[in-house]
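Inspection log for the structure reproduced underneath, given as structure tokens.
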Amino acid sequence: MKYVRLGSSSLDVSTVCLGSMTWGFQNNQNDANAQLDYAQSAGINFIDTAEMYAVPPTEKTYGKTEEIIGHWLNANPSRRKNIVLTSKIAGPGFSYIRDGSNISGANVITAVESSLKRLQTDYIDLYQLHWPNRQSPHFGNHWPNNINYTQVNAEQQNEEMLDILQGLDSCVKAGKIRYCGLSDDTPWGINQYLKLSSEHNLPRMVSIQNEFSLLHTKDWPYLIENCVHEDIAYLPWSPLATGALTGKYLNGQRPKGSRWTFEQRHGLYRDNANTDAAVRAYLDIAKRHNITPAHLALAWCEQVNGVTSTIIGATNMQQLEENIAAFKQPLTTEVLDEIKQTLRQFPSPF
């Protein structure tokens, strides 16, 4: 396993990050324990979660994933010091999470306290804003005209960002979080936070976690260039496009217990002829070079210049073992060239 610095922080993280959002819905405590144990044995020290998990999000499953991780940490207290543990505060929109209110400094403090209790730990290494208060081009909103930026009150957004940073600062000074980061945000969001941090001597964002895969490359090159030059760790989520890149959803297939058998928010995952054609093209490349589709997609994601650590998830141990193994064998120049040609043909099929 390789390790890299997490942006401008002092933390070294594995280039593979273990995601946990299925724990508490598709997976139980025993499943999570097995995944955590195996990931650690493989050298993964980076664990990602959120107060909103498990997914799909419901009031019943809210906080369940953090509780599961907390039970594992309580049973294995000596392992805490070897883990870089992340969590996230939910943005606005869920009535059962702080009445659907925006992220604010006060809400950050409240949410951190609750997450610490569920996680049964004294501190969170990286605390992230799950999505911004303003509408952003994520969760399927990346197509032109989906967002009217001219109607966004930038001054109000800056005031909210400053208040959020002040809340994060309070948590850092109290030793409850070590570093803070963003998720599902934009270059403008990154740069406004950096500017405010510098002007007011407040914590600096060290990372951003965005959707990124062969089917969803909108962050390359503009946002990732921003991350590289500002020393912001870039953390892709859903590198397998919720499993679509394995080919398991082709021809209308819906394997029992798979993500697409459950209701998804915002129409996030599009099952259409264009998506299927792109997936088939990647499956053909994998077949020609005698590698698995998951290997192709995950190894490609890791080699993108500017990617820090790729977040993977699995609902069973076979998937987890295959996903981790994908990072051990880099793709050849020939494979990368074929992928590049396919990306030009299908630049944004979702």
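Following the order of the structure tokens, first chain is A, next is B, and so on, with residues numbered from 1 inside each chain and ligands from 1 in the order they appear.
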
Under the rule of at most 12 Å, produce a per-residue listing of region 208-293 of chain A near region 64-86 of chain A: chain, number, name, the closest pair of atoms, and the distance in Å, as a tab-separated table, using only C-alpha atoms.
```
residue	atom	partner	partner_atom	distance
A:Ile208	CA	A:Thr86	CA	11.9
A:Gln209	CA	A:Thr86	CA	11.1
A:Leu235	CA	A:Thr86	CA	11.9
```

Can you list, as a PyMOL selection string, every protein, DNA or RNA residue that comes within 10 Å of region 33-41 of chain A when you count only C-alpha atoms, leaving out same-chain residues fewer than 3 positions away?
-> chain A and resi 16-20+23+28-30+44-47+68-69+71-73+75+79+82-83+313-317+320-321+324

Nearest to Ile89 (chain A), chosen from A:Thr333, A:Ser183, A:Asn141, A:Gln120, with only C-alpha atoms counted in the distances |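 Distance minimum relative to Ile89 (chain A) lands on A:Ser183.
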
Which residues, written as an mmCIF file with all heavy atoms, in the first residue's frame, have at least one atom at most 8 Å from Ile190 (chain A), with only C-alpha atoms counted and residues fewer than 5 positions away on the same chain left out?
```cif
data_model
loop_
_atom_site.group_PDB
_atom_site.id
_atom_site.type_symbol
_atom_site.label_atom_id
_atom_site.label_comp_id
_atom_site.auth_asym_id
_atom_site.auth_seq_id
_atom_site.Cartn_x
_atom_site.Cartn_y
_atom_site.Cartn_z
ATOM 1 N N LEU A 182 -13.807 19.820 2.282
ATOM 2 C CA LEU A 182 -15.052 20.033 1.549
ATOM 3 C C LEU A 182 -15.497 18.747 0.867
ATOM 4 O O LEU A 182 -14.739 17.788 0.760
ATOM 5 C CB LEU A 182 -14.863 21.129 0.500
ATOM 6 C CG LEU A 182 -14.444 22.499 1.018
ATOM 7 C CD1 LEU A 182 -14.068 23.416 -0.136
ATOM 8 C CD2 LEU A 182 -15.558 23.128 1.854
ATOM 9 N N ASP A 185 -18.192 20.208 -3.826
ATOM 10 C CA ASP A 185 -18.084 21.654 -4.000
ATOM 11 C C ASP A 185 -17.343 21.961 -5.307
ATOM 12 O O ASP A 185 -17.031 21.049 -6.071
ATOM 13 C CB ASP A 185 -17.393 22.297 -2.795
ATOM 14 C CG ASP A 185 -17.957 23.672 -2.470
ATOM 15 O OD1 ASP A 185 -18.222 24.445 -3.406
ATOM 16 O OD2 ASP A 185 -18.120 23.978 -1.261
ATOM 17 N N MET A 205 -8.996 24.565 4.532
ATOM 18 C CA MET A 205 -9.503 23.325 3.957
ATOM 19 C C MET A 205 -8.335 22.542 3.347
ATOM 20 O O MET A 205 -7.544 23.099 2.583
ATOM 21 C CB MET A 205 -10.556 23.613 2.887
ATOM 22 C CG MET A 205 -11.811 24.291 3.403
ATOM 23 S SD MET A 205 -12.701 23.252 4.606
ATOM 24 C CE MET A 205 -14.060 24.343 5.059
#
```

Test item: residues at most 12 Å from Asn226 (chain A), only C-alpha atoms, excluding those fewer than 4 positions along its chain, as number ranges by chain = A: 186-191, 194, 207-208, 219-222, 230-234, 306-307

Would you kindly return, as a PyMOL selection string, each protein, DNA or RNA residue with an atom no farther than 12 Å from any atom of Leu283 (chain A), considering only C-alpha atoms and excluding same-chain residues fewer than 2 positions away?
-> chain A and resi 214+244-248+250+276-281+285-297+335+338-339+342

Which of region 88-144 of chain A counts as strand (DSSP E or B) under DSSP, as a VMD selection string please?
-> chain A and resid 88 to 89 124 to 129

Can you pull out every residue within 12 Å of Gln329 (chain A), counting only C-alpha atoms, but drop anything in the same chain fewer than 2 positions away, and send it as an MDAnalysis selection string?
-> chainID A and resid 1 291:292 295:296 298:300 302:303 322:327 331:332

Run DSSP on the backbone and give me the residues of region 3-121 of chain A it puts in alpha helix (DSSP H), as a PyMOL selection string.
-> chain A and resi 29-41+64-75+105-119

Selection file, N, CA and C atoms, as a short mmCIF file (atom, residue, chain, number, x, y, z; two decimals), in the first residue's frame:
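So the final result, stored in out_7.cif, reads:
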```cif
data_model
loop_
_atom_site.label_atom_id
_atom_site.label_comp_id
_atom_site.auth_asym_id
_atom_site.auth_seq_id
_atom_site.Cartn_x
_atom_site.Cartn_y
_atom_site.Cartn_z
N GLN A 29 -23.30 -4.98 11.37
CA GLN A 29 -22.09 -4.78 12.17
C GLN A 29 -21.02 -5.83 11.86
N ASN A 30 -21.41 -7.08 11.73
CA ASN A 30 -20.42 -8.12 11.44
C ASN A 30 -19.76 -7.92 10.08
N ASP A 31 -20.56 -7.51 9.09
CA ASP A 31 -20.00 -7.22 7.77
C ASP A 31 -18.97 -6.10 7.86
N ALA A 32 -19.34 -5.03 8.57
CA ALA A 32 -18.44 -3.88 8.71
C ALA A 32 -17.17 -4.26 9.45
N ASN A 33 -17.31 -5.06 10.50
CA ASN A 33 -16.13 -5.49 11.25
C ASN A 33 -15.15 -6.23 10.34
N ALA A 34 -15.69 -7.12 9.51
CA ALA A 34 -14.84 -7.91 8.61
C ALA A 34 -14.16 -7.00 7.59
N GLN A 35 -14.90 -6.01 7.06
CA GLN A 35 -14.31 -5.09 6.09
C GLN A 35 -13.23 -4.23 6.72
N LEU A 36 -13.48 -3.73 7.91
CA LEU A 36 -12.50 -2.91 8.59
C LEU A 36 -11.23 -3.70 8.91
N ASP A 37 -11.41 -4.92 9.39
CA ASP A 37 -10.25 -5.76 9.71
C ASP A 37 -9.44 -6.07 8.46
N TYR A 38 -10.13 -6.42 7.36
CA TYR A 38 -9.42 -6.76 6.14
C TYR A 38 -8.71 -5.54 5.56
N ALA A 39 -9.38 -4.39 5.57
CA ALA A 39 -8.78 -3.17 5.04
C ALA A 39 -7.51 -2.82 5.80
N GLN A 40 -7.57 -2.95 7.10
CA GLN A 40 -6.36 -2.65 7.89
C GLN A 40 -5.24 -3.64 7.58
N SER A 41 -5.59 -4.89 7.41
CA SER A 41 -4.57 -5.89 7.09
C SER A 41 -3.93 -5.62 5.73
N LYS A 64 -26.44 5.60 11.61
CA LYS A 64 -26.18 4.18 11.85
C LYS A 64 -24.74 3.78 11.52
N THR A 65 -24.21 4.34 10.43
CA THR A 65 -22.85 3.95 10.02
C THR A 65 -21.83 4.40 11.06
N GLU A 66 -21.96 5.62 11.53
CA GLU A 66 -21.05 6.10 12.58
C GLU A 66 -21.15 5.22 13.82
N GLU A 67 -22.35 4.79 14.17
CA GLU A 67 -22.52 3.93 15.34
C GLU A 67 -21.80 2.60 15.15
N ILE A 68 -21.89 2.05 13.94
CA ILE A 68 -21.22 0.78 13.65
C ILE A 68 -19.71 0.93 13.77
N ILE A 69 -19.17 2.01 13.22
CA ILE A 69 -17.73 2.25 13.34
C ILE A 69 -17.36 2.46 14.81
N GLY A 70 -18.22 3.14 15.54
CA GLY A 70 -17.97 3.35 16.97
C GLY A 70 -17.90 2.06 17.74
N HIS A 71 -18.76 1.11 17.44
CA HIS A 71 -18.72 -0.20 18.13
C HIS A 71 -17.41 -0.92 17.81
N TRP A 72 -16.96 -0.82 16.55
CA TRP A 72 -15.70 -1.46 16.17
C TRP A 72 -14.52 -0.80 16.88
N LEU A 73 -14.53 0.53 16.95
CA LEU A 73 -13.45 1.24 17.64
C LEU A 73 -13.44 0.91 19.13
N ASN A 74 -14.61 0.81 19.72
CA ASN A 74 -14.69 0.49 21.14
C ASN A 74 -14.15 -0.91 21.43
N ALA A 75 -14.35 -1.83 20.47
CA ALA A 75 -13.86 -3.19 20.64
C ALA A 75 -12.37 -3.32 20.30
N GLY A 105 -21.97 27.71 11.70
CA GLY A 105 -20.98 27.45 12.72
C GLY A 105 -21.56 26.71 13.91
N ALA A 106 -22.75 27.14 14.34
CA ALA A 106 -23.40 26.48 15.48
C ALA A 106 -23.75 25.04 15.15
N ASN A 107 -24.24 24.80 13.92
CA ASN A 107 -24.59 23.44 13.53
C ASN A 107 -23.37 22.55 13.42
N VAL A 108 -22.24 23.10 12.99
CA VAL A 108 -21.00 22.33 12.95
C VAL A 108 -20.65 21.82 14.35
N ILE A 109 -20.70 22.71 15.32
CA ILE A 109 -20.35 22.34 16.70
C ILE A 109 -21.29 21.24 17.20
N THR A 110 -22.58 21.40 16.96
CA THR A 110 -23.57 20.40 17.38
C THR A 110 -23.34 19.06 16.69
N ALA A 111 -23.12 19.11 15.37
CA ALA A 111 -22.94 17.88 14.60
C ALA A 111 -21.67 17.14 15.00
N VAL A 112 -20.59 17.87 15.24
CA VAL A 112 -19.34 17.23 15.66
C VAL A 112 -19.54 16.50 16.99
N GLU A 113 -20.19 17.14 17.92
CA GLU A 113 -20.44 16.51 19.23
C GLU A 113 -21.21 15.20 19.05
N SER A 114 -22.23 15.22 18.21
CA SER A 114 -23.05 14.02 18.00
C SER A 114 -22.26 12.92 17.32
N SER A 115 -21.45 13.29 16.32
CA SER A 115 -20.64 12.29 15.61
C SER A 115 -19.62 11.66 16.55
N LEU A 116 -19.00 12.46 17.41
CA LEU A 116 -18.02 11.91 18.36
C LEU A 116 -18.66 10.87 19.28
N LYS A 117 -19.87 11.13 19.69
CA LYS A 117 -20.57 10.18 20.56
C LYS A 117 -20.86 8.88 19.81
N ARG A 118 -21.35 9.00 18.58
CA ARG A 118 -21.66 7.80 17.81
C ARG A 118 -20.39 7.02 17.46
N LEU A 119 -19.33 7.73 17.16
CA LEU A 119 -18.07 7.09 16.77
C LEU A 119 -17.27 6.59 17.98
#
```

Using CA of Lys218 (chain A) and CA of Arg344 (chain A) as the two end points, give the distance in Å to one decimal.
-> 12.8 Å

Please provide the set of residues having any atom within 9 Å of Leu165 (chain A), restricted to only C-alpha atoms, with same-chain residues fewer than 4 positions apart removed, written as a PyMOL selection string.
-> chain A and resi 104-105+160-161+169-170+193+196-197+202-204

For the atom pair CA of Gln192 (chain A) and CA of Val172 (chain A), what is the interatomic distance in Å to one decimal place?
->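 Answer for the CA of Gln192 (chain A) to CA of Val172 (chain A) separation: 19.8 Å.
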